[in-house]
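Visitor: Here you go, this is start-v1.txt (compact mmCIF, C-alpha atoms).
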# COMPACT_ATOMS: atom_id res chain seq x y z
CA MET A 17 -6.76 -16.79 7.28
CA PRO A 18 -5.56 -13.42 5.93
CA VAL A 19 -1.84 -12.89 6.02
CA ARG A 20 -1.33 -9.88 8.25
CA LYS A 21 2.00 -9.62 9.98
CA ASN A 22 2.55 -7.68 13.17
CA THR A 23 6.19 -8.51 13.77
CA SER A 24 8.98 -6.18 12.80
CA PRO A 25 9.78 -6.06 9.08
CA ALA A 26 13.29 -7.30 9.82
CA ALA A 27 11.96 -10.45 11.47
CA SER A 28 8.92 -11.10 9.30
CA LYS A 29 10.65 -10.64 5.99
CA GLY A 30 13.89 -12.38 6.89
CA LYS A 31 15.92 -9.19 6.64
CA THR A 32 18.61 -7.82 8.89
CA ALA A 33 18.09 -4.61 10.84
CA GLY A 34 20.42 -2.76 8.50
CA LYS A 35 18.59 -2.64 5.17
CA THR A 36 19.64 -1.73 1.67
CA THR A 37 18.01 1.42 0.40
CA ALA A 38 16.83 2.01 -3.15
CA GLU A 39 20.11 3.82 -3.70
CA GLY A 40 22.09 0.85 -2.38
CA SER A 41 23.42 2.20 0.93
CA VAL A 42 22.80 0.59 4.32
CA LYS A 43 21.03 2.56 7.03
CA ASN A 44 20.70 1.90 10.76
CA VAL A 45 19.03 5.01 12.15
CA SER A 46 16.33 6.03 14.60
CA SER A 47 16.81 9.77 15.22
CA SER A 48 15.28 12.79 13.45
CA ARG A 49 16.74 15.06 10.78
CA GLU A 50 15.37 18.07 8.96
CA GLY A 51 12.02 17.63 10.69
CA LYS A 52 11.72 14.06 9.41
CA THR A 53 11.52 10.79 11.32
CA PHE A 54 12.83 7.42 10.26
CA CYS A 55 9.80 5.11 10.14
CA THR A 56 9.44 1.41 9.39
CA HIS A 57 6.38 -0.42 8.11
CA THR A 58 5.06 -2.28 11.14
CA PHE A 59 1.99 -4.21 9.99
CA GLY A 60 3.09 -5.88 6.76
CA PRO A 61 0.98 -6.98 3.79
CA PHE A 62 -2.63 -8.14 3.80
CA TYR A 63 -3.43 -10.94 1.38
CA ARG A 64 -5.07 -14.33 1.02
CA PRO A 65 -4.36 -17.16 -1.42
CA ASP A 66 -7.48 -16.18 -3.40
CA SER A 67 -6.63 -12.45 -3.64
CA GLU A 68 -7.06 -11.30 -7.25
CA ILE A 69 -5.62 -7.77 -7.17
CA LEU A 70 -2.86 -6.02 -5.27
CA ILE A 71 -3.23 -2.33 -4.44
CA LEU A 72 -0.01 -0.61 -3.37
CA GLY A 73 0.26 2.63 -1.48
CA SER A 74 3.48 4.55 -0.91
CA PHE A 75 3.93 4.38 2.89
CA PRO A 76 1.42 4.36 5.78
CA SER A 77 0.21 7.76 6.98
CA VAL A 78 0.54 8.83 10.61
CA LYS A 79 -3.08 7.79 11.24
CA SER A 80 -2.50 4.41 9.60
CA ARG A 81 0.62 3.86 11.67
CA GLU A 82 -1.38 4.68 14.79
CA ALA A 83 -4.21 2.34 13.77
CA ASN A 84 -1.71 -0.34 12.70
CA PHE A 85 -3.65 -0.91 9.49
CA TYR A 86 -4.14 0.55 6.05
CA TYR A 87 -5.89 3.84 5.26
CA GLY A 88 -6.64 4.86 8.82
CA HIS A 89 -7.18 8.56 8.14
CA PRO A 90 -10.94 9.23 8.37
CA GLN A 91 -10.76 11.62 5.39
CA ASN A 92 -9.05 9.14 3.08
CA ARG A 93 -11.56 7.95 0.47
CA PHE A 94 -10.05 4.48 -0.02
CA TRP A 95 -12.69 2.44 1.80
CA LYS A 96 -15.55 4.47 0.35
CA ILE A 97 -14.23 3.97 -3.19
CA LEU A 98 -14.03 0.21 -2.80
CA ALA A 99 -17.40 0.03 -1.06
CA ALA A 100 -18.97 1.92 -3.97
CA TYR A 101 -17.42 -0.43 -6.52
CA PHE A 102 -18.44 -3.57 -4.68
CA LYS A 103 -21.83 -2.12 -3.66
CA ASP A 104 -21.02 -2.96 -0.07
CA SER A 105 -21.06 -1.15 3.27
CA VAL A 106 -18.05 0.97 4.24
CA PRO A 107 -16.05 -0.98 6.85
CA GLY A 108 -15.16 0.77 10.09
CA SER A 109 -13.01 -1.29 12.44
CA THR A 110 -9.82 -3.09 11.51
CA GLU A 111 -11.65 -6.40 11.81
CA GLU A 112 -14.36 -5.16 9.42
CA LYS A 113 -11.75 -3.89 6.98
CA SER A 114 -9.92 -7.22 7.05
CA ALA A 115 -13.14 -9.12 6.39
CA PHE A 116 -14.06 -6.68 3.63
CA LEU A 117 -10.73 -7.14 1.84
CA ALA A 118 -10.90 -10.90 2.21
CA SER A 119 -14.45 -11.16 0.90
CA HIS A 120 -13.64 -9.05 -2.18
CA LYS A 121 -10.27 -10.71 -2.87
CA VAL A 122 -8.17 -7.55 -2.46
CA ALA A 123 -4.54 -7.61 -1.29
CA LEU A 124 -2.90 -4.51 0.18
CA TYR A 125 0.67 -3.46 0.75
CA ASP A 126 2.97 -0.47 0.24
CA VAL A 127 5.96 0.08 -2.02
CA ILE A 128 8.10 1.45 0.82
CA ASP A 129 9.18 -0.65 3.80
CA SER A 130 10.94 2.19 5.62
CA CYS A 131 12.04 5.75 4.96
CA TRP A 132 12.65 9.20 6.33
CA ILE A 133 9.34 11.08 6.28
CA LYS A 134 7.79 14.24 7.69
CA GLY A 135 4.36 13.38 9.05
CA SER A 136 2.36 11.78 6.24
CA SER A 137 3.87 13.79 3.39
CA ASP A 138 4.80 11.63 0.40
CA SER A 139 6.76 14.52 -1.07
CA SER A 140 9.06 14.55 1.97
CA ILE A 141 10.11 10.89 1.66
CA THR A 142 13.84 10.22 1.34
CA ASP A 143 16.02 7.10 1.47
CA PRO A 144 13.15 4.72 0.68
CA GLN A 145 13.77 1.07 1.46
CA LEU A 146 11.51 -1.16 -0.56
CA THR A 147 9.13 -3.98 0.28
CA ASP A 148 9.43 -7.48 -1.14
CA LEU A 149 6.35 -8.33 -3.22
CA ALA A 150 7.49 -11.79 -4.29
CA PRO A 151 5.60 -13.71 -1.57
CA ILE A 152 2.35 -11.94 -2.53
CA ILE A 153 2.81 -12.55 -6.24
CA ARG A 154 3.67 -16.22 -5.69
CA GLY A 155 1.01 -16.83 -3.07
CA THR A 156 -2.07 -15.25 -4.68
CA LYS A 157 -4.09 -15.14 -7.89
CA ILE A 158 -3.36 -11.50 -8.78
CA ASP A 159 -2.13 -12.64 -12.22
CA GLY A 160 -0.45 -9.34 -13.07
CA ARG A 161 -3.14 -7.08 -11.59
CA ILE A 162 -1.06 -4.62 -9.59
CA PHE A 163 -2.43 -1.12 -8.96
CA THR A 164 -0.83 1.85 -7.24
CA ASN A 165 -2.80 4.31 -5.17
CA GLY A 166 -1.30 7.61 -6.28
CA LYS A 167 1.69 8.89 -8.21
CA THR A 168 4.36 8.43 -5.55
CA ALA A 169 3.68 4.71 -5.24
CA PHE A 170 3.54 4.40 -9.04
CA ARG A 171 6.82 6.28 -9.57
CA LEU A 172 8.72 4.26 -6.97
CA TYR A 173 7.26 0.96 -8.15
CA GLU A 174 8.14 1.63 -11.78
CA LYS A 175 11.62 2.88 -10.91
CA TYR A 176 12.71 0.21 -8.45
CA THR A 177 10.24 -2.69 -8.21
CA ARG A 178 8.94 -3.41 -11.70
CA ALA A 179 12.26 -4.87 -12.82
CA LYS A 180 12.00 -7.43 -10.01
CA THR A 181 8.37 -8.40 -10.56
CA GLY A 182 8.21 -8.04 -14.33
CA ILE A 183 4.69 -6.68 -13.89
CA PRO A 184 3.71 -3.13 -14.91
CA ALA A 185 1.64 -1.23 -12.38
CA ARG A 186 -1.65 0.49 -13.22
CA LEU A 187 -1.91 4.00 -11.80
CA LEU A 188 -5.00 4.93 -9.79
CA PRO A 189 -5.60 8.54 -8.76
CA SER A 190 -4.81 8.97 -5.08
CA SER A 191 -7.58 8.43 -2.56
CA SER A 192 -5.81 10.83 -0.17
CA PRO A 193 -7.71 13.89 1.06
CA ALA A 194 -4.76 15.91 -0.30
CA ASN A 195 -5.98 15.02 -3.79
CA ALA A 196 -8.78 17.57 -3.57
CA ALA A 197 -9.11 17.94 -7.35
CA PHE A 198 -10.85 14.57 -7.46
CA SER A 199 -14.28 14.15 -5.87
CA LEU A 200 -15.33 10.84 -4.35
CA ASP A 201 -17.64 10.18 -7.31
CA LYS A 202 -14.85 10.85 -9.81
CA LEU A 203 -12.42 8.62 -7.92
CA ALA A 204 -14.97 5.82 -7.70
CA ALA A 205 -15.65 6.07 -11.44
CA LEU A 206 -11.96 6.02 -12.41
CA TRP A 207 -11.03 3.21 -10.04
CA GLY A 208 -14.03 1.20 -11.20
CA GLU A 209 -13.08 1.67 -14.83
CA ALA A 210 -9.52 0.52 -14.12
CA PHE A 211 -10.73 -2.56 -12.25
CA ARG A 212 -13.14 -3.55 -15.02
CA LYS A 213 -10.46 -3.13 -17.69
CA ALA A 214 -8.27 -5.52 -15.67
CA GLY A 215 -11.12 -8.03 -15.48
CA PHE A 216 -11.57 -7.66 -11.74
CA TYR A 217 -15.04 -7.54 -10.21
CA GLY A 218 -14.41 -8.80 -6.68
Let me see the structure of the file written as structure tokens.

Guide:
Amino acid sequence: MPVRKNTSPAASKGKTAGKTTAEGSVKNVSSSREGKTFCTHTFGPFYRPDSEILILGSFPSVKSREANFYYGHPQNRFWKILAAYFKDSVPGSTEEKSAFLASHKVALYDVIDSCWIKGSSDSSITDPQLTDLAPIIRGTKIDGRIFTNGKTAFRLYEKYTRAKTGIPARLLPSSSPANAAFSLDKLAALWGEAFRKAGFYG
């Protein structure tokens, strides 16, 4: 069965409630500041033992946090990009998305476990606390194929996480609707090229 955790990150990852940030300080907060809210990743990674690639986002959007699953904003092109590459139907429900990921051997997670954030704005993120990718790397067949969806995830991964995994990330242009310079066709072409270069065909 797919690994999809719905417990709190503190419980599911064996961490205490007070976590160490990327900068090394410990935070225990729940209030707002400067229009931002402290948010914690609530639905954990999705992967199976036969997953062959890992795609990392930065942190779930408001819509994804509401849906309790990845890429929940209806304008995000993520699911359409993958459907185009795999020549498959675009999944709708969470159950369909889970089955889609499993059938095409795709693992999903985010670089950030918790942070201060304003809405869904990556540029507003402060005090990022990072996810632990070791269980995914050990428990799958990704074999070094780690991709980041967008520049924020790539920057944070390279700065804080790469030293722990020893695996360089491959940058994919963001599927977010905010990345208006890239059409769906262009995104699908670039993602497909990156997947093929990595030897992944799903």

Visitor: Interatomic distance between CA of Lys134 in chain A and CA of Ala194 in chain A?

Guide: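 Those two atoms sit 15.0 Å apart.
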
Visitor: Residues proximal to (8.2, 5.7, -6.3) were defined as those with any atom within 12 Å of that point in the file's coordinates, counting only C-alpha atoms. Which are they, as a PyMOL selection string?

Guide: chain A and resi 38+72-75+126-129+131+138-139+141-147+164-178+185+187

Visitor: Which is closer to Ala115 in chain A than all the others in A:Leu200, A:Pro189, A:Pro151, A:Tyr63, using all atoms listed in the file?

Guide: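 Comparing A:Leu200, A:Pro189, A:Pro151, A:Tyr63 against Ala115 in chain A, the winner is A:Tyr63.
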
Visitor: With distances taken over only C-alpha atoms, which residue among A:Ala83, A:Ala179, A:Ala204, A:Ala100 lies nearest Ser191 in chain A?

Guide: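 Checking each candidate against Ser191 in chain A, we get A:Ala204 as the closest.
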
Visitor: Measure the distance from CA of Asp148 in chain A to CA of Pro61 in chain A in Å and round it to one decimal.

Guide: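 About the pair CA of Asp148 in chain A and CA of Pro61 in chain A: they are 9.8 Å apart.
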
Visitor: Name all residues at most 9 Å from Val106 in chain A (count all atoms listed in the file; drop same-chain ones fewer than 3 positions away) and give them as a compact mmCIF listing (two decimals) with C-alpha atoms, keeping the file's coordinate frame.

Guide:
# COMPACT_ATOMS: atom_id res chain seq x y z
CA TRP A 95 -12.69 2.44 1.80
CA LYS A 96 -15.55 4.47 0.35
CA ILE A 97 -14.23 3.97 -3.19
CA LEU A 98 -14.03 0.21 -2.80
CA ALA A 99 -17.40 0.03 -1.06
CA ALA A 100 -18.97 1.92 -3.97
CA GLU A 112 -14.36 -5.16 9.42
CA LYS A 113 -11.75 -3.89 6.98
CA PHE A 116 -14.06 -6.68 3.63

Visitor: CA of Ser67 in chain A and CA of Phe163 in chain A, how far apart in Å?

Guide: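 So the two atoms, CA of Phe163 in chain A and CA of Ser67 in chain A, lie 13.2 Å apart.
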
Visitor: Taking every listed atom of range 91-108 of chain A and adding 5 Å to each side, what centre and edge lengths in Å (one decimal) does the axis-aligned box have, as AutoDock Vina command-line options?

Guide:
--center_x -15.4 --center_y 4.0 --center_z 1.8 --size_x 22.8 --size_y 25.2 --size_z 26.6

Visitor: Between A:Thr110, A:Ser190, A:Asn195, A:Ser140, single out the one closest to Trp207 in chain A, counting only C-alpha atoms.

Guide: A:Ser190

Visitor: Rank A:Gly218, A:Ser130, A:Phe85, A:Lys202 by their smallest atom-to-atom distance to Asp104 in chain A, using all atoms listed in the file, and report the top residue only.

Guide: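 The closest residue to Asp104 in chain A is A:Gly218.
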
Visitor: Kindly extract all protein, DNA and RNA residues lying within 12 Å of the coordinates (8.5, 11.5, 12.9) given in the file, considering only C-alpha atoms, and supply them as a ChimeraX atom specification.

Guide: /A:46-56,77-78,81,131-137,140-141

Visitor: Quick one: of A:Gly108, A:His120, A:Ile152, A:Gln91, who's nearest to Phe62 in chain A, counting all atoms listed in the file?

Guide: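 Closest candidate: A:Ile152.
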
Visitor: Write out as a list in words each polymer residue whose atoms come within 7 Å of Val122 in chain A, counting all atoms listed in the file; drop sequence neighbours fewer than 4 positions from it.

Guide: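 Surrounding residues, per the criterion: Tyr63, Ser67, Glu68, Ile69, Leu70, Leu117 and Ala118 of chain A.
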
Visitor: Write to file, as a PDB file, in the coordinates of the input, the residues of the selection just made, with C-alpha atoms.

Guide:
ATOM      1  CA  TYR A  63      -3.430 -10.940   1.380  1.00  0.00           C
ATOM      2  CA  SER A  67      -6.630 -12.450  -3.640  1.00  0.00           C
ATOM      3  CA  GLU A  68      -7.060 -11.300  -7.250  1.00  0.00           C
ATOM      4  CA  ILE A  69      -5.620  -7.770  -7.170  1.00  0.00           C
ATOM      5  CA  LEU A  70      -2.860  -6.020  -5.270  1.00  0.00           C
ATOM      6  CA  LEU A 117     -10.730  -7.140   1.840  1.00  0.00           C
ATOM      7  CA  ALA A 118     -10.900 -10.900   2.210  1.00  0.00           C
TER       8      ALA A 118
END
